[in-house]
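start32.cif, holding mmCIF, C-alpha atoms:
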data_run
loop_
_atom_site.label_atom_id
_atom_site.label_comp_id
_atom_site.auth_asym_id
_atom_site.auth_seq_id
_atom_site.Cartn_x
_atom_site.Cartn_y
_atom_site.Cartn_z
CA MET A 176 141.50 53.59 59.74
CA THR A 177 141.65 52.78 56.06
CA ARG A 178 144.61 52.73 53.74
CA TYR A 179 144.23 54.54 50.44
CA ALA A 180 146.60 54.61 47.49
CA LEU A 181 146.70 57.20 44.75
CA THR A 182 145.07 55.70 41.69
CA SER A 183 147.63 57.45 39.51
CA ASP A 184 150.58 56.12 41.53
CA SER A 185 149.84 53.06 43.63
CA SER A 186 153.25 53.17 45.30
CA VAL A 187 151.99 56.14 47.27
CA SER A 188 149.58 55.25 50.01
CA VAL A 189 148.37 56.82 53.20
CA GLU A 190 146.23 55.74 56.08
CA VAL A 191 143.29 58.07 56.54
CA VAL A 192 141.53 58.61 59.84
CA SER A 193 138.75 61.13 59.52
CA ALA A 194 137.25 63.10 62.37
CA SER A 195 133.95 63.97 60.78
CA LEU A 196 132.62 66.91 62.73
CA ALA A 197 130.56 68.95 60.29
CA CYS A 198 129.67 69.58 56.67
CA CYS A 199 133.28 69.43 55.37
CA THR A 200 132.96 65.67 55.82
CA LEU A 201 130.73 65.49 52.76
CA GLU A 202 133.51 66.83 50.57
CA LEU A 203 135.95 64.52 52.28
CA GLN A 204 133.76 61.49 51.53
CA ALA A 205 133.33 62.74 47.96
CA ALA A 206 137.11 62.88 47.66
CA LEU A 207 137.63 59.40 49.11
CA ASN A 208 135.10 57.98 46.64
CA SER A 209 136.04 60.12 43.64
CA GLY A 210 138.21 57.50 41.99
CA ALA A 211 141.41 59.45 42.54
CA LEU A 212 142.08 57.26 45.59
CA THR A 213 141.85 53.49 45.75
CA ARG A 214 141.24 51.50 48.89
CA VAL A 215 144.07 49.06 49.48
CA SER A 216 144.34 46.37 52.14
CA GLU A 217 148.08 46.74 52.65
CA GLY A 218 151.29 47.89 51.02
CA GLY A 219 153.01 51.20 50.91
CA THR A 220 154.66 52.90 53.78
CA GLY A 221 153.02 56.28 53.62
CA PRO A 222 152.15 58.04 56.84
CA SER A 223 148.87 58.06 58.71
CA VAL A 224 146.84 61.18 58.21
CA ILE A 225 144.21 62.35 60.64
CA VAL A 226 141.78 64.61 58.85
CA ILE A 227 139.97 67.06 61.08
CA ALA A 228 136.99 68.00 58.92
CA GLY A 229 134.54 70.40 60.48
CA THR A 230 133.89 72.68 63.39
CA VAL A 231 135.81 71.94 66.57
CA THR A 232 133.99 73.31 69.59
CA ASP A 233 135.77 73.81 72.90
CA ALA A 234 133.67 70.98 74.33
CA LEU A 235 134.94 68.64 71.61
CA VAL A 236 138.63 69.49 71.93
CA PRO A 237 139.40 66.72 74.49
CA SER A 238 137.85 64.08 72.21
CA VAL A 239 139.70 65.39 69.18
CA LEU A 240 142.98 65.39 71.09
CA GLU A 241 142.31 61.86 72.32
CA LEU A 242 141.80 60.71 68.75
CA ILE A 243 144.99 62.41 67.56
CA HIS A 244 147.06 61.06 70.45
CA SER A 245 145.82 57.54 69.82
CA TYR A 246 147.74 57.55 66.53
CA PRO A 247 151.27 58.52 67.52
CA GLY A 248 153.27 59.91 64.61
CA ALA A 249 150.21 60.58 62.49
CA LYS A 250 150.08 63.80 60.54
CA VAL A 251 147.19 66.15 61.16
CA MET A 252 145.32 67.75 58.30
CA SER A 253 143.17 70.78 59.03
CA PHE A 254 140.46 70.43 56.41
CA GLY A 255 138.44 73.57 55.83
CA ALA A 256 138.06 76.98 57.42
CA CYS A 257 136.42 75.79 60.67
CA ALA A 258 139.22 73.47 61.71
CA THR A 259 141.83 76.02 60.62
CA SER A 260 140.55 79.19 62.25
CA GLY A 261 136.94 78.79 63.31
CA GLY A 262 135.88 79.95 59.85
CA PRO A 263 132.31 81.25 59.73
CA TYR A 264 132.16 80.76 63.50
CA TRP A 265 135.18 82.94 64.19
CA ASP A 266 133.12 85.14 66.54
CA SER A 267 131.23 82.34 68.29
CA PRO A 268 132.19 81.79 71.95
CA PRO A 269 131.90 77.96 72.04
CA VAL A 270 133.98 77.36 68.90
CA SER A 271 137.75 77.00 69.18
CA LYS A 272 139.68 79.20 66.80
CA GLY A 273 141.81 76.67 65.01
CA ILE A 274 143.13 73.26 65.99
CA ASP A 275 146.70 74.51 65.65
CA GLN A 276 146.23 75.93 69.13
CA PHE A 277 146.34 72.36 70.46
CA VAL A 278 148.24 70.22 67.96
CA GLU A 279 150.82 70.63 65.26
CA VAL A 280 149.11 70.80 61.89
CA THR A 281 150.92 69.36 58.87
CA ALA A 282 148.59 70.55 56.16
CA TYR A 283 146.05 73.33 56.05
CA VAL A 284 143.45 73.00 53.32
CA ALA A 285 141.58 76.23 52.59
CA GLY A 286 137.93 76.21 51.66
CA CYS A 287 134.47 76.29 53.10
CA PRO A 288 134.26 73.48 52.30
CA PRO A 289 137.43 72.66 50.33
CA ARG A 290 136.81 70.98 47.00
CA PRO A 291 137.45 67.23 46.91
CA ASP A 292 140.43 67.76 44.60
CA ALA A 293 142.00 69.95 47.29
CA PHE A 294 141.99 66.91 49.56
CA ILE A 295 143.63 64.75 46.86
CA GLN A 296 146.28 67.43 46.43
CA ALA A 297 146.87 67.54 50.17
CA ILE A 298 147.28 63.76 50.28
CA GLN A 299 149.75 63.94 47.39
CA GLU A 300 151.77 66.62 49.16
CA ILE A 301 151.81 64.80 52.48
CA SER A 302 152.61 61.37 51.04
CA SER A 303 155.36 62.60 48.75
CA ASP A 304 156.94 64.63 51.54
CA ARG A 305 157.36 67.32 48.93
CA VAL A 306 156.58 70.18 51.23
CA PHE A 307 156.04 68.62 54.58
CA MET B 212 133.51 77.79 36.35
CA LYS B 213 134.62 76.40 39.66
CA HIS B 214 133.87 78.59 42.64
CA SER B 215 137.12 77.68 44.28
CA PHE B 216 138.86 81.01 44.58
CA ILE B 217 138.08 84.70 44.82
CA ALA B 218 140.39 86.62 42.52
CA LEU B 219 141.24 90.31 42.54
CA ILE B 220 141.45 92.28 39.32
CA GLU B 221 143.73 94.92 40.69
CA ASP B 222 143.18 97.55 37.99
CA LYS B 223 139.46 97.73 38.72
CA CYS B 224 139.76 98.19 42.50
CA THR B 225 139.07 101.72 43.74
CA SER B 226 139.81 100.98 47.44
CA CYS B 227 136.20 101.81 48.30
CA MET B 228 136.29 99.35 51.25
CA LEU B 229 132.82 97.93 50.51
CA CYS B 230 134.03 94.31 50.31
CA VAL B 231 136.07 94.68 53.50
CA ARG B 232 133.09 96.01 55.44
CA GLU B 233 130.56 93.50 54.11
CA CYS B 234 132.76 90.42 54.63
CA PRO B 235 131.07 88.34 57.38
CA ALA B 236 134.35 86.64 58.29
CA TRP B 237 136.32 89.92 58.43
CA CYS B 238 138.93 88.20 56.28
CA ILE B 239 139.75 90.97 53.76
CA HIS B 240 142.39 93.56 54.58
CA LEU B 241 142.90 96.59 52.36
CA ASP B 242 145.42 99.37 52.63
CA SER B 243 145.38 102.43 50.41
CA HIS B 244 146.32 106.09 50.26
CA THR B 245 145.12 109.12 48.32
CA VAL B 246 147.02 111.22 45.83
CA ASP B 247 146.06 114.52 44.25
CA VAL B 248 145.70 114.31 40.50
CA THR B 249 145.57 117.59 38.62
CA GLU B 250 143.79 117.32 35.32
CA GLU B 251 144.22 119.87 32.60
CA GLY B 252 141.57 122.57 32.80
CA ALA B 253 140.37 121.44 36.23
CA ARG B 254 140.01 124.10 38.84
CA ARG B 255 141.41 122.05 41.71
CA PRO B 256 143.18 118.68 41.97
CA ARG B 257 141.10 115.52 42.24
CA LYS B 258 141.69 113.03 45.05
CA VAL B 259 142.33 109.52 43.78
CA ASN B 260 142.67 106.39 45.92
CA VAL B 261 145.70 104.24 45.28
CA LEU B 262 145.61 100.60 46.35
CA ASP B 263 148.67 99.68 48.43
CA SER B 264 147.80 96.19 49.60
CA PHE B 265 144.87 93.83 49.39
CA GLU B 266 144.83 90.57 51.31
CA ILE B 267 142.32 87.77 51.69
CA ASP B 268 142.87 85.46 54.64
CA TYR B 269 141.96 82.08 53.16
CA SER B 270 142.12 80.44 56.58
CA LEU B 271 138.94 82.37 57.40
CA CYS B 272 137.23 82.93 54.04
CA MET B 273 133.93 81.06 53.77
CA TYR B 274 133.55 81.51 50.03
CA CYS B 275 130.16 83.17 50.45
CA GLY B 276 130.82 85.57 47.58
CA VAL B 277 129.37 88.61 49.35
CA CYS B 278 132.49 90.60 48.44
CA ILE B 279 132.01 89.71 44.77
CA ASP B 280 128.36 90.73 44.93
CA VAL B 281 128.94 94.09 46.58
CA CYS B 282 131.89 95.20 44.47
CA PRO B 283 130.51 97.97 42.24
CA PHE B 284 133.48 97.75 39.90
CA ASP B 285 133.65 93.96 39.43
CA ALA B 286 137.16 93.96 40.82
CA LEU B 287 136.51 90.64 42.57
CA ALA B 288 135.48 87.50 40.71
CA TRP B 289 135.08 83.77 41.15
CA ASP B 290 138.02 81.89 39.80
CA GLU B 291 139.24 78.37 39.16
CA HIS B 292 142.42 78.88 41.12
CA ARG B 293 142.71 77.36 44.53
CA ALA B 294 144.48 78.50 47.65
CA LEU B 295 147.26 75.94 47.84
CA VAL B 296 147.67 73.37 50.57
CA THR B 297 150.23 74.68 53.02
CA ASN B 298 151.85 73.74 56.29
CA ASN B 299 151.95 77.31 57.54
CA ARG B 300 148.75 79.13 58.41
CA GLU B 301 150.30 82.49 57.65
CA ASP B 302 150.81 81.40 54.04
CA MET B 303 147.03 81.41 53.67
CA LEU B 304 147.03 85.21 53.73
CA LEU B 305 147.21 85.95 50.02
CA GLY B 306 148.19 89.37 48.65
CA ILE B 307 147.60 91.20 45.39
CA GLU B 308 150.01 89.08 43.37
CA GLU B 309 148.68 85.70 44.51
CA LEU B 310 145.11 86.88 44.11
CA GLY B 311 145.39 87.57 40.38
CA PRO B 312 142.82 85.78 38.20
CA SER B 313 143.89 82.62 36.38
CA GLY B 314 145.37 83.34 32.98
CA SER B 315 146.86 86.60 34.15
CA SER B 316 150.15 85.11 35.21
CA MET C 257 102.90 70.72 53.21
CA PRO C 258 99.56 72.14 54.38
CA ARG C 259 97.38 73.40 51.56
CA SER C 260 96.51 76.61 53.33
CA SER C 261 98.25 78.48 56.12
CA THR C 262 96.92 81.35 58.12
CA TRP C 263 98.64 83.77 60.50
CA GLU C 264 97.31 85.39 63.62
CA LYS C 265 98.91 87.81 66.06
CA VAL C 266 97.56 87.72 69.61
CA GLU C 267 98.25 89.43 72.92
CA PRO C 268 100.37 87.42 75.41
CA ALA C 269 97.31 87.23 77.69
CA ASP C 270 95.37 85.42 74.94
CA TRP C 271 98.22 83.01 74.12
CA ARG C 272 96.92 79.98 75.97
CA SER C 273 93.25 80.49 75.12
CA THR C 274 94.09 80.87 71.40
CA ILE C 275 96.08 77.63 71.36
CA GLU C 276 93.32 75.88 73.29
CA GLU C 277 90.64 77.07 70.85
CA LEU C 278 92.73 75.96 67.90
CA ARG C 279 93.12 72.53 69.40
CA GLU C 280 89.36 72.26 69.85
CA LYS C 281 88.89 73.30 66.21
CA GLY C 282 90.94 70.28 65.14
CA PHE C 283 94.44 71.78 64.92
CA ILE C 284 95.89 68.91 66.91
CA PHE C 285 99.23 68.52 65.11
CA PHE C 286 101.83 70.64 66.87
CA ASP C 287 104.66 71.41 64.49
CA PHE C 288 106.99 73.79 66.32
CA LEU C 289 107.40 76.79 68.57
CA THR C 290 110.24 79.25 68.26
CA GLY C 291 111.31 82.82 68.85
CA VAL C 292 112.13 85.70 66.51
CA ASP C 293 114.24 88.54 67.87
CA GLN C 294 112.43 91.86 67.56
CA GLU C 295 115.22 94.18 68.65
CA ASN C 296 114.35 97.84 68.27
CA VAL C 297 110.86 97.14 66.98
CA ASP C 298 108.68 99.92 68.43
CA GLY C 299 111.56 100.87 70.71
CA ASN C 300 111.43 97.53 72.54
CA ASN C 301 113.86 94.66 72.75
CA ALA C 302 110.98 92.25 72.43
CA CYS C 303 110.90 88.70 71.20
CA GLU C 304 108.19 87.27 69.03
CA VAL C 305 107.10 83.74 69.86
CA VAL C 306 105.64 81.72 66.99
CA ALA C 307 103.72 78.46 67.27
CA HIS C 308 102.67 76.41 64.27
CA LEU C 309 99.75 74.00 64.49
CA ALA C 310 98.03 71.96 61.80
CA THR C 311 95.05 69.74 61.38
CA LYS C 312 95.61 66.00 61.56
CA ASP C 313 95.52 65.53 57.77
CA LEU C 314 97.83 68.56 57.39
CA SER C 315 95.38 70.22 55.01
CA ASN C 316 95.24 73.41 57.09
CA SER C 317 97.80 75.03 59.30
CA HIS C 318 97.83 78.04 61.54
CA PHE C 319 100.65 80.22 62.86
CA VAL C 320 100.05 82.03 66.13
CA THR C 321 102.46 84.79 67.08
CA THR C 322 102.76 87.02 70.09
CA GLN C 323 105.23 89.68 71.11
CA VAL C 324 106.69 89.16 74.58
CA LEU C 325 109.21 91.07 76.65
CA ASP C 326 110.44 88.28 78.90
CA GLU C 327 107.77 85.74 79.86
CA LEU C 328 104.77 83.87 78.51
CA PRO C 329 102.41 81.24 79.98
CA SER C 330 103.46 77.72 79.09
CA ILE C 331 101.26 75.52 76.88
CA THR C 332 102.82 72.22 77.90
CA ASP C 333 99.71 71.12 79.80
CA LEU C 334 97.71 71.57 76.58
CA ILE C 335 100.39 70.21 74.27
CA PRO C 336 103.06 68.13 76.05
CA ALA C 337 105.20 68.08 72.89
CA ALA C 338 105.71 71.83 73.22
CA GLN C 339 107.97 71.38 76.23
CA TRP C 340 111.11 70.69 74.22
CA TYR C 341 110.50 73.80 72.10
CA GLU C 342 109.74 75.97 75.10
CA ARG C 343 112.97 74.90 76.78
CA GLU C 344 114.86 75.63 73.58
CA CYS C 345 113.18 79.03 73.31
CA THR C 346 114.15 79.80 76.92
CA GLU C 347 117.78 78.92 76.30
CA MET C 348 118.17 80.57 72.94
CA PHE C 349 115.92 83.64 73.30
CA GLY C 350 115.64 84.10 77.06
CA VAL C 351 111.82 83.84 77.07
CA LYS C 352 110.59 82.28 80.31
CA PHE C 353 107.56 80.02 80.12
CA ILE C 354 105.50 80.27 83.30
CA GLY C 355 104.36 76.84 84.38
CA GLY C 356 106.71 75.07 81.97
CA SER C 357 109.90 73.17 82.63
CA ALA C 358 112.92 75.18 83.74
CA LYS C 359 115.33 72.34 83.03
CA PRO C 360 118.19 73.36 80.73
CA LEU C 361 118.13 71.67 77.35
CA LEU C 362 121.54 72.02 75.72
CA ARG C 363 123.36 74.88 77.38
CA HIS C 364 124.75 75.08 80.86
CA GLU C 365 122.38 76.86 83.17
CA ASN C 366 122.83 80.62 83.40
CA LEU C 367 125.94 80.55 81.29
CA GLY C 368 125.96 83.82 79.43
CA ARG C 369 123.16 85.59 77.65
CA PRO C 370 120.73 83.87 75.27
CA PRO C 371 122.79 83.43 72.10
CA LEU C 372 120.08 84.07 69.52
CA ARG C 373 119.21 87.56 70.78
CA LYS C 374 120.69 90.39 68.77
CA SER C 375 121.43 92.25 71.99
CA THR C 376 123.89 89.49 72.92
CA VAL C 377 127.24 90.97 71.94
CA LEU C 378 129.88 88.56 70.65
CA ALA C 379 133.04 89.64 72.43
CA ALA C 380 135.24 88.43 69.59
CA ARG C 381 133.74 91.14 67.38
CA VAL C 382 134.80 93.76 69.93
CA LEU C 383 138.29 92.40 70.54
CA THR C 384 139.21 91.66 66.92
CA PRO C 385 140.35 94.75 65.03
CA TRP C 386 137.79 95.35 62.30
CA PRO C 387 139.45 95.56 58.88
CA GLY C 388 136.64 97.84 57.71
CA ALA C 389 137.79 100.63 60.04
CA ALA C 390 140.46 101.52 57.51
CA GLU C 391 140.03 104.36 55.01
CA PRO C 392 142.44 105.65 52.39
CA GLU C 393 143.76 108.03 55.05
CA ILE C 394 143.08 105.92 58.15
CA LYS C 395 144.86 102.68 59.02
CA GLU C 396 143.08 99.62 60.42
CA ASP C 397 144.15 100.47 63.96
CA GLY C 398 142.66 103.97 63.66
CA ARG C 399 145.90 105.83 62.95
CA LYS C 400 145.35 108.83 60.68
CA VAL C 401 147.89 109.28 57.94
CA GLY C 402 146.30 112.20 56.10
CA ASN C 403 143.83 114.95 56.81
CA ALA C 404 140.96 112.50 57.14
CA SER C 405 137.90 114.03 58.73
CA ARG C 406 135.25 111.37 58.18
CA ARG C 407 133.63 109.80 61.21
CA ARG C 408 135.14 106.44 61.96
CA GLN C 409 133.10 103.46 60.80
CA ARG C 410 131.76 101.07 63.42
CA PRO C 411 132.10 97.29 63.14
CA PRO C 412 128.75 95.56 62.53
CA GLY C 413 127.18 93.87 65.54
CA VAL C 414 129.02 95.95 68.12
CA PRO C 415 127.13 98.61 70.11
CA ASP C 416 128.80 102.03 70.26
CA ASN C 417 129.27 101.92 74.03
CA TRP C 418 131.36 98.72 73.76
CA LEU C 419 134.04 100.46 71.76
CA GLN C 420 136.79 102.62 73.12
CA THR C 421 136.70 106.05 71.60
#
Re-express the file's structure as structure tokens.
Amino acid sequence: MTRYALTSDSSVSVEVVSASLACCTLELQAALNSGALTRVSEGGTGPSVIVIAGTVTDALVPSVLELIHSYPGAKVMSFGACATSGGPYWDSPPVSKGIDQFVEVTAYVAGCPPRPDAFIQAIQEISSDRVF
Amino acid sequence: MKHSFIALIEDKCTSCMLCVRECPAWCIHLDSHTVDVTEEGARRPRKVNVLDSFEIDYSLCMYCGVCIDVCPFDALAWDEHRALVTNNREDMLLGIEELGPSGSS
Amino acid sequence: MPRSSTWEKVEPADWRSTIEELREKGFIFFDFLTGVDQENVDGNNACEVVAHLATKDLSNSHFVTTQVLDELPSITDLIPAAQWYERECTEMFGVKFIGGSAKPLLRHENLGRPPLRKSTVLAARVLTPWPGAAEPEIKEDGRKVGNASRRRQRPPGVPDNWLQT
């Protein structure tokens, strides 16, 4: 778990836990290293965000749930089409059709993969409690 | 040009259903009806499709661009818009108005 | 990348002897073995098996292909490295390799049909209403709202006899 603050407004910070399951992770890493977010050691009281980036198969669901439950109160971000609905694998038997079947999702980010700036926007929305 | 959104140019759509049928994610929904248009001098009225609704489910869309490629009328196009971050999956189903190209609204 | 590649199609009965001859000719680098679905080719639901071998310096390579219906002799005694690929081919394409290992590789044993065969129907495509079924005078669920007479379109990847009429 790493705490990131918005470079444009350092009073806003969130803790990011990423579940890197497939290719969406590349965009997520690009976003974390894009300069729009700064790594901070402490400070800020923003929430923890668990980012589910990639395809969640039925076999992986218990592990994903374990991760989410190990951060009580954390907000779940469904990053990309796979985590949201199964995406390109919507017709594939082993792939679960959206993590919102198992957990409450705070932010859905559309894209396959979403652009890095979509992740920054999602962090802004979650941390400012504007919508969520 | 960012390939971050697929926009619909409503005026160009003829409801031909090609994009809907080619979409590998089955994420486009189109509803239309036909009306008879009688043109002056024509022997019988011409059937014209009228677009009622057009929706792209951005929770499923994989941005492959097949719909843009197959559209014979260039009614679909890459756009710099982005489907907004939401906390409700149903909000990811965007209709004709939300699908307009950037600069149109 | 090999400088020159050649292709050869053989009968299943000549599969082992062809691989053996190639090995004696110096094609000792085994690259891969895989299947290619040949649904409805010549009226058969066959599967093509492809093996790729190369010389040690990778200057020449050779593809051997054969069309099989369900089984093929294993080449693992000639090329032990082929076992992993044969097991994968069994799981994904349903081709049995006689004399090879029957141990499952990634999938649970006998769980469903081989996923990479086109004849394996994905049930989600049958159960999900296909948006493409709609026409200007037909709704997505098949309801007619005008005097539509066109034959209903079929969703891709779903055989006719899986759909209710």
Take the PyMOL selection byres ((chain C and resi 343) around 12), apply it to the structure above, and return the hits as an mmCIF file with C-alpha atoms, keeping the file's coordinate frame.
data_model
loop_
_atom_site.group_PDB
_atom_site.id
_atom_site.type_symbol
_atom_site.label_atom_id
_atom_site.label_comp_id
_atom_site.auth_asym_id
_atom_site.auth_seq_id
_atom_site.Cartn_x
_atom_site.Cartn_y
_atom_site.Cartn_z
ATOM 1 C CA LEU C 289 107.400 76.790 68.570
ATOM 2 C CA THR C 290 110.240 79.250 68.260
ATOM 3 C CA GLY C 291 111.310 82.820 68.850
ATOM 4 C CA SER C 330 103.460 77.720 79.090
ATOM 5 C CA ILE C 331 101.260 75.520 76.880
ATOM 6 C CA THR C 332 102.820 72.220 77.900
ATOM 7 C CA ALA C 337 105.200 68.080 72.890
ATOM 8 C CA ALA C 338 105.710 71.830 73.220
ATOM 9 C CA GLN C 339 107.970 71.380 76.230
ATOM 10 C CA TRP C 340 111.110 70.690 74.220
ATOM 11 C CA TYR C 341 110.500 73.800 72.100
ATOM 12 C CA GLU C 342 109.740 75.970 75.100
ATOM 13 C CA GLU C 344 114.860 75.630 73.580
ATOM 14 C CA CYS C 345 113.180 79.030 73.310
ATOM 15 C CA THR C 346 114.150 79.800 76.920
ATOM 16 C CA GLU C 347 117.780 78.920 76.300
ATOM 17 C CA MET C 348 118.170 80.570 72.940
ATOM 18 C CA PHE C 349 115.920 83.640 73.300
ATOM 19 C CA GLY C 350 115.640 84.100 77.060
ATOM 20 C CA VAL C 351 111.820 83.840 77.070
ATOM 21 C CA LYS C 352 110.590 82.280 80.310
ATOM 22 C CA PHE C 353 107.560 80.020 80.120
ATOM 23 C CA ILE C 354 105.500 80.270 83.300
ATOM 24 C CA GLY C 355 104.360 76.840 84.380
ATOM 25 C CA GLY C 356 106.710 75.070 81.970
ATOM 26 C CA SER C 357 109.900 73.170 82.630
ATOM 27 C CA ALA C 358 112.920 75.180 83.740
ATOM 28 C CA LYS C 359 115.330 72.340 83.030
ATOM 29 C CA PRO C 360 118.190 73.360 80.730
ATOM 30 C CA LEU C 361 118.130 71.670 77.350
ATOM 31 C CA LEU C 362 121.540 72.020 75.720
ATOM 32 C CA ARG C 363 123.360 74.880 77.380
ATOM 33 C CA GLU C 365 122.380 76.860 83.170
ATOM 34 C CA PRO C 370 120.730 83.870 75.270
#
Could you give me, as a Markdown table, a per-residue list for chain B showing, wherever an atom lies at most 10 Å from an atom of chain C, the closest pair of atoms and their distance in Å to one decimal, using all atoms listed in the file and sorting by chain then residue number from low to high?
| residue | atom | partner | partner_atom | distance |
| --- | --- | --- | --- | --- |
| B:Ser226 | CA | C:Pro392 | CA | 7.3 |
| B:Cys227 | CA | C:Glu391 | CA | 8.1 |
| B:Met228 | CA | C:Gly388 | CA | 6.6 |
| B:Leu229 | CA | C:Gly388 | CA | 8.2 |
| B:Cys230 | CA | C:Gly388 | CA | 8.6 |
| B:Val231 | CA | C:Gly388 | CA | 5.3 |
| B:Arg232 | CA | C:Gly388 | CA | 4.6 |
| B:Glu233 | CA | C:Gly388 | CA | 8.3 |
| B:Cys234 | CA | C:Gly388 | CA | 8.9 |
| B:Pro235 | CA | C:Pro412 | CA | 9.2 |
| B:Trp237 | CA | C:Pro387 | CA | 6.5 |
| B:Cys238 | CA | C:Pro387 | CA | 7.8 |
| B:Ile239 | CA | C:Pro387 | CA | 6.9 |
| B:His240 | CA | C:Pro387 | CA | 5.6 |
| B:Leu241 | CA | C:Pro387 | CA | 7.4 |
| B:Asp242 | CA | C:Pro392 | CA | 7.0 |
| B:Ser243 | CA | C:Pro392 | CA | 4.8 |
| B:His244 | CA | C:Pro392 | CA | 4.4 |
| B:Thr245 | CA | C:Pro392 | CA | 6.0 |
| B:Val246 | CA | C:Pro392 | CA | 9.7 |
| B:Val259 | CA | C:Pro392 | CA | 9.4 |
| B:Asn260 | CA | C:Pro392 | CA | 6.5 |
| B:Val261 | CA | C:Pro392 | CA | 7.9 |
| B:Leu262 | CA | C:Pro392 | CA | 8.5 |
| B:Asp263 | CA | C:Pro392 | CA | 9.5 |
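Interatomic distance, CA of Ala294 in chain B against CA of Gly311 in chain B: 11.7 Å.
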*Might you pull out every residue within 12 Å of Cys257 in chain A, with only C-alpha atoms counted and same-chain residues fewer than 3 positions away left off, and present them as an MDAnalysis selection string?*
(chainID A and resid 196:200 227:232 253:254 260:267 270:275 283:289) or (chainID B and resid 236 269:273)
*What residues in chain C have any atom no more than 8 Å from chain A when counting only C-alpha atoms, and can you write them as a PyMOL selection string?*
chain C and resi 378-381
*B:Leu310, B:Cys282, B:Leu304, B:Val296: which is nearest chain A, counting all atoms listed in the file?*
B:Val296
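Distances from A:Leu240, A:Ile295, A:Val278, A:Ala256 to chain B were compared using only C-alpha atoms, and the smallest one belongs to A:Ala256.
Using the PyMOL selection byres ((chain A and resi 204) around 12) on the file at hand returns these residues: Val191, Val192, Ser193, Ala194, Ser195, Ala197, Cys198, Cys199, Thr200, Leu201, Glu202, Leu203, Ala205, Ala206, Leu207, Asn208, Ser209, Gly210, Ala211, Leu212, Val226, Ala228, Pro289, Arg290, Pro291, Asp292, Phe294 and Ile295 of chain A.
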*For Val251 in chain A, the nearest of the candidates B:Asp280, B:Asn298, B:Cys275, B:Val248, counting all atoms listed in the file*: B:Asn298
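Note that CA of Ser264 in chain B and CA of Thr249 in chain B are 24.2 Å apart.
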*Could you jot down the CA of Ala282 in chain A to CA of Cys278 in chain B separation for me, Å, one decimal place?*
26.8 Å
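Counting only C-alpha atoms and comparing B:Phe284, B:Glu291, B:Asn299, B:Thr225, the residue that lies closest to chain A is B:Asn299.
With all atoms listed in the file as the atoms that count, the minimum distance from chain A to the choices B:Asp268, B:Asp285, B:Glu250, B:Glu309 is reached by B:Asp268.
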*Could you list the residues chosen by the PyMOL selection byres ((chain C and resi 279) around 12) in this structure as JSON, numbers by chain?*
{"C": [272, 273, 274, 275, 276, 277, 278, 280, 281, 282, 283, 284, 285, 286, 308, 309, 310, 311, 312, 317, 318, 331, 334, 335]}
